[in-house]
>>> print(open('target11.pdb').read())   # PDB, C-alpha atoms
ATOM      1  CA  MET M   1     -25.730  -1.503 -31.687
ATOM      2  CA  ILE M   2     -25.348  -1.886 -35.462
ATOM      3  CA  GLN M   3     -22.084  -3.120 -36.933
ATOM      4  CA  ILE M   4     -21.249  -2.970 -40.632
ATOM      5  CA  HIS M   5     -19.430  -5.572 -42.712
ATOM      6  CA  ARG M   6     -18.954  -5.150 -46.461
ATOM      7  CA  TYR M   7     -18.862  -7.884 -49.086
ATOM      8  CA  PRO M   8     -18.700  -7.461 -52.871
ATOM      9  CA  GLY M   9     -22.106  -6.092 -53.818
ATOM     10  CA  VAL M  10     -23.634  -6.495 -50.339
ATOM     11  CA  THR M  11     -23.343  -4.645 -47.023
ATOM     12  CA  GLU M  12     -24.250  -6.514 -43.847
ATOM     13  CA  TRP M  13     -25.892  -4.629 -40.986
ATOM     14  CA  ARG M  14     -25.473  -6.673 -37.803
ATOM     15  CA  PHE M  15     -27.963  -5.748 -35.072
ATOM     16  CA  THR M  16     -27.546  -6.533 -31.377
ATOM     17  CA  SER M  17     -29.047  -5.320 -28.118
ATOM     18  CA  LEU M  18     -27.711  -5.799 -24.617
ATOM     19  CA  GLY M  19     -30.193  -8.632 -24.184
ATOM     20  CA  SER M  20     -29.258 -10.315 -27.464
ATOM     21  CA  ARG M  21     -25.546 -10.084 -26.698
ATOM     22  CA  LEU M  22     -26.096 -11.699 -23.299
ATOM     23  CA  ALA M  23     -28.066 -14.457 -25.056
ATOM     24  CA  GLY M  24     -25.406 -14.834 -27.756
ATOM     25  CA  TYR M  25     -27.649 -13.777 -30.647
ATOM     26  CA  ALA M  26     -27.405 -11.234 -33.442
ATOM     27  CA  ALA M  27     -29.732 -10.477 -36.354
ATOM     28  CA  ARG M  28     -28.659  -9.208 -39.757
ATOM     29  CA  ALA M  29     -30.134  -7.188 -42.571
ATOM     30  CA  PHE M  30     -28.427  -6.934 -45.961
ATOM     31  CA  LEU M  31     -28.257  -3.933 -48.286
ATOM     32  CA  THR M  32     -27.292  -4.569 -51.893
ATOM     33  CA  ASP M  33     -25.234  -2.039 -53.799
ATOM     34  CA  ASP M  34     -28.257  -1.202 -55.952
ATOM     35  CA  GLY M  35     -30.313  -0.232 -52.894
ATOM     36  CA  VAL M  36     -32.366  -3.303 -51.960
ATOM     37  CA  LEU M  37     -32.612  -3.920 -48.209
ATOM     38  CA  ILE M  38     -33.420  -7.461 -47.115
ATOM     39  CA  ASP M  39     -35.112  -7.327 -43.698
ATOM     40  CA  THR M  40     -35.133  -4.386 -41.288
ATOM     41  CA  GLY M  41     -33.353  -5.430 -38.085
ATOM     42  CA  ILE M  42     -34.527  -5.587 -34.496
ATOM     43  CA  PRO M  43     -36.817  -3.096 -32.728
ATOM     44  CA  ALA M  44     -34.192  -2.480 -30.034
ATOM     45  CA  CYS M  45     -31.969  -0.837 -32.672
ATOM     46  CA  GLY M  46     -34.669   1.302 -34.248
ATOM     47  CA  ALA M  47     -33.181   4.625 -33.162
ATOM     48  CA  ALA M  48     -29.702   3.594 -34.311
ATOM     49  CA  LEU M  49     -31.112   2.572 -37.692
ATOM     50  CA  GLU M  50     -32.406   6.051 -38.525
ATOM     51  CA  PRO M  51     -29.005   7.705 -39.242
ATOM     52  CA  MET M  52     -27.952   4.649 -41.247
ATOM     53  CA  LEU M  53     -31.024   5.031 -43.436
ATOM     54  CA  ASP M  54     -30.244   8.744 -43.795
ATOM     55  CA  ALA M  55     -26.741   7.900 -45.027
ATOM     56  CA  SER M  56     -27.766   5.056 -47.369
ATOM     57  CA  VAL M  57     -29.608   4.730 -50.649
ATOM     58  CA  VAL M  58     -32.496   2.362 -49.956
ATOM     59  CA  ARG M  59     -34.835   2.217 -52.931
ATOM     60  CA  GLY M  60     -36.899  -0.587 -51.435
ATOM     61  CA  ALA M  61     -36.986  -3.318 -48.796
ATOM     62  CA  ILE M  62     -38.007  -6.989 -48.740
ATOM     63  CA  ILE M  63     -39.369  -8.638 -45.591
ATOM     64  CA  THR M  64     -38.584 -12.371 -45.387
ATOM     65  CA  HIS M  65     -41.134 -13.120 -42.636
ATOM     66  CA  HIS M  66     -43.035 -11.571 -39.752
ATOM     67  CA  HIS M  67     -40.729 -12.227 -36.760
ATOM     68  CA  GLU M  68     -39.539  -9.133 -34.927
ATOM     69  CA  ASP M  69     -35.834  -9.744 -35.583
ATOM     70  CA  HIS M  70     -36.582  -9.420 -39.323
ATOM     71  CA  ALA M  71     -39.560  -7.072 -39.599
ATOM     72  CA  GLY M  72     -38.865  -5.129 -36.414
ATOM     73  CA  ASN M  73     -38.396  -1.745 -38.080
ATOM     74  CA  VAL M  74     -40.816  -2.083 -40.982
ATOM     75  CA  GLU M  75     -42.983   0.784 -39.677
ATOM     76  CA  ARG M  76     -39.953   3.104 -39.653
ATOM     77  CA  LEU M  77     -39.317   2.332 -43.327
ATOM     78  CA  ALA M  78     -42.976   2.678 -44.301
ATOM     79  CA  ARG M  79     -43.166   6.029 -42.481
ATOM     80  CA  ARG M  80     -40.217   7.223 -44.579
ATOM     81  CA  GLY M  81     -41.993   6.169 -47.766
ATOM     82  CA  VAL M  82     -39.580   3.343 -48.552
ATOM     83  CA  PRO M  83     -41.331   0.905 -50.943
ATOM     84  CA  LEU M  84     -41.823  -2.542 -49.406
ATOM     85  CA  TRP M  85     -42.301  -6.097 -50.601
ATOM     86  CA  ILE M  86     -44.309  -7.989 -47.985
ATOM     87  CA  ALA M  87     -45.916 -11.369 -48.653
ATOM     88  CA  PRO M  88     -49.726 -11.469 -48.392
ATOM     89  CA  ASP M  89     -49.498 -13.922 -45.471
ATOM     90  CA  THR M  90     -47.004 -11.682 -43.688
ATOM     91  CA  LEU M  91     -48.794  -8.347 -43.971
ATOM     92  CA  PRO M  92     -51.645  -8.968 -41.481
ATOM     93  CA  ARG M  93     -49.103 -10.219 -38.926
ATOM     94  CA  LEU M  94     -47.367  -6.840 -39.153
ATOM     95  CA  THR M  95     -50.453  -4.637 -39.035
ATOM     96  CA  SER M  96     -51.793  -6.518 -35.989
ATOM     97  CA  VAL M  97     -48.812  -7.551 -33.886
ATOM     98  CA  LYS M  98     -49.331 -10.250 -31.277
ATOM     99  CA  ARG M  99     -47.720 -10.085 -27.856
ATOM    100  CA  ILE M 100     -44.438 -12.022 -27.777
ATOM    101  CA  GLY M 101     -42.828 -13.974 -24.947
ATOM    102  CA  ALA M 102     -40.650 -12.297 -22.337
ATOM    103  CA  TYR M 103     -37.474 -13.894 -23.690
ATOM    104  CA  ARG M 104     -38.105 -12.321 -27.100
ATOM    105  CA  ARG M 105     -38.895  -8.930 -25.560
ATOM    106  CA  VAL M 106     -35.606  -9.062 -23.649
ATOM    107  CA  THR M 107     -33.629 -10.180 -26.714
ATOM    108  CA  TRP M 108     -35.132  -8.066 -29.506
ATOM    109  CA  ARG M 109     -37.936  -5.961 -27.901
ATOM    110  CA  SER M 110     -41.496  -5.798 -29.169
ATOM    111  CA  MET M 111     -42.152  -4.648 -32.702
ATOM    112  CA  PRO M 112     -44.259  -1.546 -33.408
ATOM    113  CA  ARG M 113     -47.154  -2.484 -35.640
ATOM    114  CA  LEU M 114     -47.193  -1.403 -39.254
ATOM    115  CA  GLN M 115     -49.695   1.459 -39.548
ATOM    116  CA  SER M 116     -48.274   3.695 -42.283
ATOM    117  CA  ALA M 117     -49.288   3.199 -45.900
ATOM    118  CA  VAL M 118     -47.211   0.623 -47.769
ATOM    119  CA  MET M 119     -45.817   1.601 -51.139
ATOM    120  CA  PRO M 120     -45.346  -1.499 -53.332
ATOM    121  CA  PHE M 121     -41.805  -2.345 -54.353
ATOM    122  CA  ASP M 122     -40.807  -3.574 -57.808
ATOM    123  CA  THR M 123     -38.015  -5.973 -56.839
ATOM    124  CA  GLY M 124     -36.637  -6.359 -60.363
ATOM    125  CA  ASP M 125     -34.489  -9.456 -60.691
ATOM    126  CA  MET M 126     -34.846 -10.331 -57.005
ATOM    127  CA  ARG M 127     -37.187 -13.333 -56.624
ATOM    128  CA  MET M 128     -38.970 -14.118 -53.363
ATOM    129  CA  LEU M 129     -39.332 -17.890 -53.006
ATOM    130  CA  PRO M 130     -41.682 -19.476 -50.460
ATOM    131  CA  SER M 131     -39.620 -21.541 -48.018
ATOM    132  CA  PRO M 132     -41.855 -22.614 -45.119
ATOM    133  CA  GLY M 133     -40.632 -24.625 -42.166
ATOM    134  CA  HIS M 134     -39.325 -22.031 -39.750
ATOM    135  CA  CYS M 135     -42.747 -20.396 -40.091
ATOM    136  CA  ALA M 136     -45.525 -20.605 -42.649
ATOM    137  CA  ASP M 137     -44.911 -17.172 -44.239
ATOM    138  CA  HIS M 138     -41.135 -17.526 -44.625
ATOM    139  CA  HIS M 139     -39.511 -16.510 -47.930
ATOM    140  CA  VAL M 140     -35.938 -16.470 -49.128
ATOM    141  CA  VAL M 141     -34.623 -13.935 -51.637
ATOM    142  CA  TRP M 142     -32.867 -15.243 -54.734
ATOM    143  CA  HIS M 143     -30.772 -13.097 -57.070
ATOM    144  CA  ALA M 144     -30.171 -15.339 -60.072
ATOM    145  CA  PRO M 145     -27.674 -13.101 -61.956
ATOM    146  CA  SER M 146     -25.179 -13.301 -59.066
ATOM    147  CA  ARG M 147     -26.473 -16.669 -57.750
ATOM    148  CA  THR M 148     -26.865 -15.084 -54.321
ATOM    149  CA  LEU M 149     -29.345 -16.428 -51.776
ATOM    150  CA  PHE M 150     -30.533 -14.361 -48.814
ATOM    151  CA  SER M 151     -31.818 -17.203 -46.671
ATOM    152  CA  GLY M 152     -33.543 -15.415 -43.775
ATOM    153  CA  ASP M 153     -34.042 -18.062 -41.083
ATOM    154  CA  LEU M 154     -34.000 -21.078 -43.396
ATOM    155  CA  PHE M 155     -30.450 -22.192 -42.555
ATOM    156  CA  LEU M 156     -29.200 -20.954 -39.134
ATOM    157  CA  GLY M 157     -26.800 -23.921 -38.908
ATOM    158  CA  VAL M 158     -26.670 -27.622 -39.764
ATOM    159  CA  ALA M 159     -27.484 -29.348 -36.458
ATOM    160  CA  VAL M 160     -30.089 -26.971 -34.998
ATOM    161  CA  ARG M 161     -31.670 -28.952 -32.179
ATOM    162  CA  ILE M 162     -34.148 -26.356 -30.972
ATOM    163  CA  ALA M 163     -37.474 -25.433 -32.556
ATOM    164  CA  HIS M 164     -40.319 -22.995 -32.121
ATOM    165  CA  HIS M 165     -43.547 -24.695 -31.157
ATOM    166  CA  ARG M 166     -45.066 -24.109 -34.622
ATOM    167  CA  GLU M 167     -42.129 -25.087 -36.820
ATOM    168  CA  ASP M 168     -42.490 -27.813 -39.441
ATOM    169  CA  PRO M 169     -39.311 -29.918 -39.859
ATOM    170  CA  TRP M 170     -40.747 -31.723 -42.918
ATOM    171  CA  ALA M 171     -41.527 -28.482 -44.722
ATOM    172  CA  MET M 172     -38.083 -27.208 -43.754
ATOM    173  CA  MET M 173     -36.389 -30.245 -45.321
ATOM    174  CA  ASP M 174     -38.279 -29.627 -48.549
ATOM    175  CA  SER M 175     -37.384 -25.911 -48.529
ATOM    176  CA  LEU M 176     -33.713 -26.649 -47.845
ATOM    177  CA  GLU M 177     -33.492 -29.147 -50.686
ATOM    178  CA  ARG M 178     -35.293 -26.852 -53.152
ATOM    179  CA  MET M 179     -32.965 -23.958 -52.354
ATOM    180  CA  ALA M 180     -29.890 -26.205 -52.548
ATOM    181  CA  ASP M 181     -30.998 -27.198 -56.058
ATOM    182  CA  LEU M 182     -30.514 -23.555 -57.075
ATOM    183  CA  GLU M 183     -26.778 -24.153 -56.473
ATOM    184  CA  PRO M 184     -26.174 -20.726 -54.915
ATOM    185  CA  ALA M 185     -22.656 -19.354 -55.138
ATOM    186  CA  ARG M 186     -23.219 -17.224 -52.015
ATOM    187  CA  MET M 187     -25.663 -17.404 -49.135
ATOM    188  CA  PHE M 188     -26.270 -14.736 -46.531
ATOM    189  CA  CYS M 189     -27.966 -16.079 -43.378
ATOM    190  CA  ALA M 190     -29.750 -13.615 -41.108
ATOM    191  CA  HIS M 191     -28.045 -15.024 -38.012
ATOM    192  CA  ARG M 192     -24.805 -16.506 -39.402
ATOM    193  CA  GLY M 193     -23.771 -13.995 -42.047
ATOM    194  CA  LEU M 194     -21.963 -15.336 -45.111
ATOM    195  CA  VAL M 195     -22.146 -19.153 -45.208
ATOM    196  CA  PRO M 196     -19.341 -21.062 -46.993
ATOM    197  CA  GLU M 197     -20.315 -23.683 -49.591
ATOM    198  CA  PRO M 198     -24.011 -22.859 -49.355
ATOM    199  CA  ALA M 199     -25.506 -25.686 -51.443
ATOM    200  CA  GLY M 200     -23.604 -28.262 -49.415
ATOM    201  CA  ALA M 201     -24.600 -26.570 -46.156
ATOM    202  CA  LEU M 202     -28.289 -26.586 -47.121
ATOM    203  CA  ARG M 203     -28.171 -30.254 -48.095
ATOM    204  CA  ALA M 204     -26.261 -31.148 -44.937
ATOM    205  CA  LYS M 205     -28.951 -29.543 -42.805
ATOM    206  CA  ALA M 206     -31.740 -31.341 -44.667
ATOM    207  CA  ALA M 207     -29.907 -34.646 -44.203
ATOM    208  CA  TRP M 208     -29.352 -33.972 -40.497
ATOM    209  CA  ILE M 209     -33.058 -33.230 -39.966
ATOM    210  CA  ARG M 210     -34.015 -36.420 -41.822
ATOM    211  CA  ARG M 211     -31.654 -38.570 -39.734
ATOM    212  CA  THR M 212     -32.757 -36.927 -36.497
ATOM    213  CA  ILE M 213     -36.446 -37.360 -37.258
ATOM    214  CA  GLY M 214     -35.800 -41.024 -38.014
ATOM    215  CA  GLU M 215     -34.096 -41.542 -34.676
ATOM    216  CA  LEU M 216     -36.832 -39.654 -32.821
ATOM    217  CA  GLN M 217     -39.456 -41.824 -34.515
ATOM    218  CA  ARG M 218     -37.630 -44.989 -33.461
ATOM    219  CA  GLN M 219     -37.447 -43.770 -29.872
ATOM    220  CA  ILE M 220     -41.139 -42.824 -29.877
ATOM    221  CA  ALA M 221     -42.093 -46.226 -31.280
ATOM    222  CA  ALA M 222     -40.118 -47.824 -28.434
ATOM    223  CA  GLY M 223     -42.434 -46.078 -25.957
ATOM    224  CA  ARG M 224     -39.920 -43.670 -24.427
ATOM    225  CA  SER M 225     -41.010 -40.365 -22.878
ATOM    226  CA  ASP M 226     -40.313 -36.985 -24.489
ATOM    227  CA  GLY M 227     -37.790 -36.118 -21.777
ATOM    228  CA  ALA M 228     -35.888 -39.384 -22.171
ATOM    229  CA  ILE M 229     -35.850 -39.035 -25.966
ATOM    230  CA  MET M 230     -34.696 -35.431 -25.754
ATOM    231  CA  ARG M 231     -31.782 -36.414 -23.529
ATOM    232  CA  ALA M 232     -30.813 -39.433 -25.621
ATOM    233  CA  VAL M 233     -31.060 -37.867 -29.092
ATOM    234  CA  LEU M 234     -30.688 -34.102 -28.597
ATOM    235  CA  GLY M 235     -28.456 -33.946 -25.534
ATOM    236  CA  GLY M 236     -31.003 -32.580 -23.066
ATOM    237  CA  GLU M 237     -32.729 -29.226 -22.910
ATOM    238  CA  SER M 238     -30.924 -26.077 -24.014
ATOM    239  CA  LEU M 239     -30.528 -22.811 -22.120
ATOM    240  CA  ALA M 240     -32.869 -21.249 -24.695
ATOM    241  CA  GLY M 241     -35.454 -23.885 -23.840
ATOM    242  CA  TRP M 242     -35.351 -23.010 -20.163
ATOM    243  CA  ALA M 243     -35.251 -19.245 -20.751
ATOM    244  CA  SER M 244     -38.229 -19.377 -23.135
ATOM    245  CA  ALA M 245     -40.291 -21.638 -20.862
ATOM    246  CA  GLY M 246     -40.266 -24.236 -23.618
ATOM    247  CA  ASP M 247     -41.407 -21.974 -26.475
ATOM    248  CA  TYR M 248     -38.037 -22.306 -28.275
ATOM    249  CA  SER M 249     -36.712 -25.644 -27.146
ATOM    250  CA  ARG M 250     -35.362 -29.094 -27.903
ATOM    251  CA  ARG M 251     -38.442 -30.642 -26.338
ATOM    252  CA  ASN M 252     -40.485 -28.989 -29.082
ATOM    253  CA  PHE M 253     -38.526 -30.937 -31.699
ATOM    254  CA  VAL M 254     -39.524 -34.214 -30.024
ATOM    255  CA  ARG M 255     -43.123 -33.067 -29.592
ATOM    256  CA  LEU M 256     -43.459 -32.056 -33.251
ATOM    257  CA  VAL M 257     -42.309 -35.496 -34.395
ATOM    258  CA  ARG M 258     -44.575 -37.265 -31.890
ATOM    259  CA  GLU M 259     -47.597 -35.248 -33.038
ATOM    260  CA  ARG M 260     -46.854 -35.998 -36.694
ATOM    261  CA  GLN M 261     -46.425 -39.691 -35.934
ATOM    262  CA  ALA M 262     -49.729 -39.776 -34.050
ATOM    263  CA  LEU M 263     -51.539 -38.542 -37.186
ATOM    264  CA  ARG M 264     -50.376 -41.515 -39.247
ATOM    265  CA  PRO M 265     -53.065 -44.136 -40.024
ATOM    266  CA  ALA M 266     -52.834 -47.201 -37.776
TER     267      ALA M 266
END
>>> encode(input="target11.pdb", output="structure tokens")
Amino acid sequence: MIQIHRYPGVTEWRFTSLGSRLAGYAARAFLTDDGVLIDTGIPACGAALEPMLDASVVRGAIITHHHEDHAGNVERLARRGVPLWIAPDTLPRLTSVKRIGAYRRVTWRSMPRLQSAVMPFDTGDMRMLPSPGHCADHHVVWHAPSRTLFSGDLFLGVAVRIAHHREDPWAMMDSLERMADLEPARMFCAHRGLVPEPAGALRAKAAWIRRTIGELQRQIAAGRSDGAIMRAVLGGESLAGWASAGDYSRRNFVRLVRERQALRPA
């Protein structure tokens, strides 16, 4: 299912599958009025995307990162000859797609690999800014003339207690603060839609991560177990943590901090 919501200068395409609706998730792509598509939606909605592409003017697309809820239909666009901006670190992850966990296959479905030729896209006054943390190849899209930020998976919410096993909370804090310093007037989040007061929201999330890491470090230094720390600081494991067999979980947040702390010189 793809739902449409229009804002001045931007149209939101909201993608859901039966699995994602049961899990309470949606993914969004954004089409600007001058024909720039940011992200491509989920593989489960690939067939539904085709008539929308037929009815729209898409002069090029930007891929924020390699995850299937963002790059899931990149092969469909490439096959149509739509020019694409894909970061060098992202491209090999799309041409050779790794098997994903069952919970992601149920929610979004697996992504077809990119095998068609990629036409380069001149993005004009759209700037792609590296913003690692969620994953190493993550970029946000910044349109300075309108002070609009397309944040991909950088934001998601202020107090996000769950993490993928390869996330980097320290890099995420840095990315959040750098993007807040742009003082965006609008921010479109791939999973939240339009976010009110974006600079404040970005700074609030960075501050929450910093406070939470500090408390996790104190608990670790006190010799508590990961499970005890998770319950005390993060409120116990989430449903997503159980459904993903720990791949996307609150326990990961504790583990990431413990691993970082263990690398510090004695």
>>> closest_residue(input="target11.pdb", among="M:Ala199, M:Leu239, M:Val257, M:Ala190", to="M:Ala221", atoms="all atoms listed in the file")
M:Val257
>>> closest_residue(input="target11.pdb", among="M:Ile100, M:Met128, M:Met173, M:Cys135", to="M:Val158", atoms="only C-alpha atoms")
M:Met173
>>> closest_residue(input="target11.pdb", among="M:Val82, M:Val140, M:Met187, M:Val57", to="M:Met126", atoms="all atoms listed in the file")
M:Val140
>>> resolve_selection(input="target11.pdb", expression="the PyMOL selection byres ((chain M and resi 73) around 9)", output="MDAnalysis selection string")
chainID M and resid 39:43 45:46 49 68:72 74:78 111:112 114
>>> resolve_selection(input="target11.pdb", expression="the PyMOL selection byres ((chain M and resi 16) around 6)", output="list in words")
Met1, Phe15, Ser17, Ser20 and Ala26 of chain M
>>> resolve_selection(input="target11.pdb", expression="the PyMOL selection byres ((chain M and resi 255) around 10)", output="list of chain:residue names")
M:Ala163, M:His165, M:Leu216, M:Ile220, M:Asp226, M:Gly227, M:Met230, M:Arg250, M:Arg251, M:Asn252, M:Phe253, M:Val254, M:Leu256, M:Val257, M:Arg258, M:Glu259, M:Arg260, M:Gln261
>>> write_last_selection(input="target11.pdb", atoms="C-alpha atoms", output="PDB file, keeping the file's coordinate frame")
ATOM      1  CA  ALA M 163     -37.474 -25.433 -32.556  1.00  0.00           C
ATOM      2  CA  HIS M 165     -43.547 -24.695 -31.157  1.00  0.00           C
ATOM      3  CA  LEU M 216     -36.832 -39.654 -32.821  1.00  0.00           C
ATOM      4  CA  ILE M 220     -41.139 -42.824 -29.877  1.00  0.00           C
ATOM      5  CA  ASP M 226     -40.313 -36.985 -24.489  1.00  0.00           C
ATOM      6  CA  GLY M 227     -37.790 -36.118 -21.777  1.00  0.00           C
ATOM      7  CA  MET M 230     -34.696 -35.431 -25.754  1.00  0.00           C
ATOM      8  CA  ARG M 250     -35.362 -29.094 -27.903  1.00  0.00           C
ATOM      9  CA  ARG M 251     -38.442 -30.642 -26.338  1.00  0.00           C
ATOM     10  CA  ASN M 252     -40.485 -28.989 -29.082  1.00  0.00           C
ATOM     11  CA  PHE M 253     -38.526 -30.937 -31.699  1.00  0.00           C
ATOM     12  CA  VAL M 254     -39.524 -34.214 -30.024  1.00  0.00           C
ATOM     13  CA  LEU M 256     -43.459 -32.056 -33.251  1.00  0.00           C
ATOM     14  CA  VAL M 257     -42.309 -35.496 -34.395  1.00  0.00           C
ATOM     15  CA  ARG M 258     -44.575 -37.265 -31.890  1.00  0.00           C
ATOM     16  CA  GLU M 259     -47.597 -35.248 -33.038  1.00  0.00           C
ATOM     17  CA  ARG M 260     -46.854 -35.998 -36.694  1.00  0.00           C
ATOM     18  CA  GLN M 261     -46.425 -39.691 -35.934  1.00  0.00           C
TER      19      GLN M 261
END
>>> closest_residue(input="target11.pdb", among="M:His134, M:Arg6, M:Arg231, M:Arg14", to="M:His191", atoms="only C-alpha atoms")
M:Arg14
>>> closest_residue(input="target11.pdb", among="M:Ala48, M:Gly200, M:Ile162, M:Asp34", to="M:Ile2", atoms="all atoms listed in the file")
M:Ala48
>>> closest_residue(input="target11.pdb", among="M:Ala228, M:Ala180, M:Ala240, M:Ile38", to="M:Thr107", atoms="all atoms listed in the file")
M:Ala240
>>> residues_near_point(input="target11.pdb", point="(-31.9, -26.6, -47.1)", cutoff="12 Å", atoms="only C-alpha atoms", output="count of residues only")
46
>>> residues_around(input="target11.pdb", residues="M:Gly124", least_positions_apart="3", cutoff="12 Å", atoms="only C-alpha atoms", output="list in words")
Asp34, Gly35, Val36, Arg59, Gly60, Ala61, Ile62, Trp85, Phe121, Arg127, Met128, Val141, Trp142, His143, Ala144 and Pro145 of chain M
>>> axis_aligned_box(input="target11.pdb", around="stretch 217-224 of chain M", padding_each_side="3 Å", output="AutoDock Vina command-line options")
--center_x -39.9 --center_y -44.8 --center_z -29.5 --size_x 11.0 --size_y 12.0 --size_z 16.1
>>> atom_distance(input="target11.pdb", atom1="atom CA of M:Pro51", atom2="atom CA of M:Tyr103")
27.9 Å
>>> atom_distance(input="target11.pdb", atom1="atom CA of M:Thr11", atom2="atom CA of M:His138")
22.1 Å
>>> atom_distance(input="target11.pdb", atom1="atom CA of M:Trp108", atom2="atom CA of M:Val160")
20.3 Å
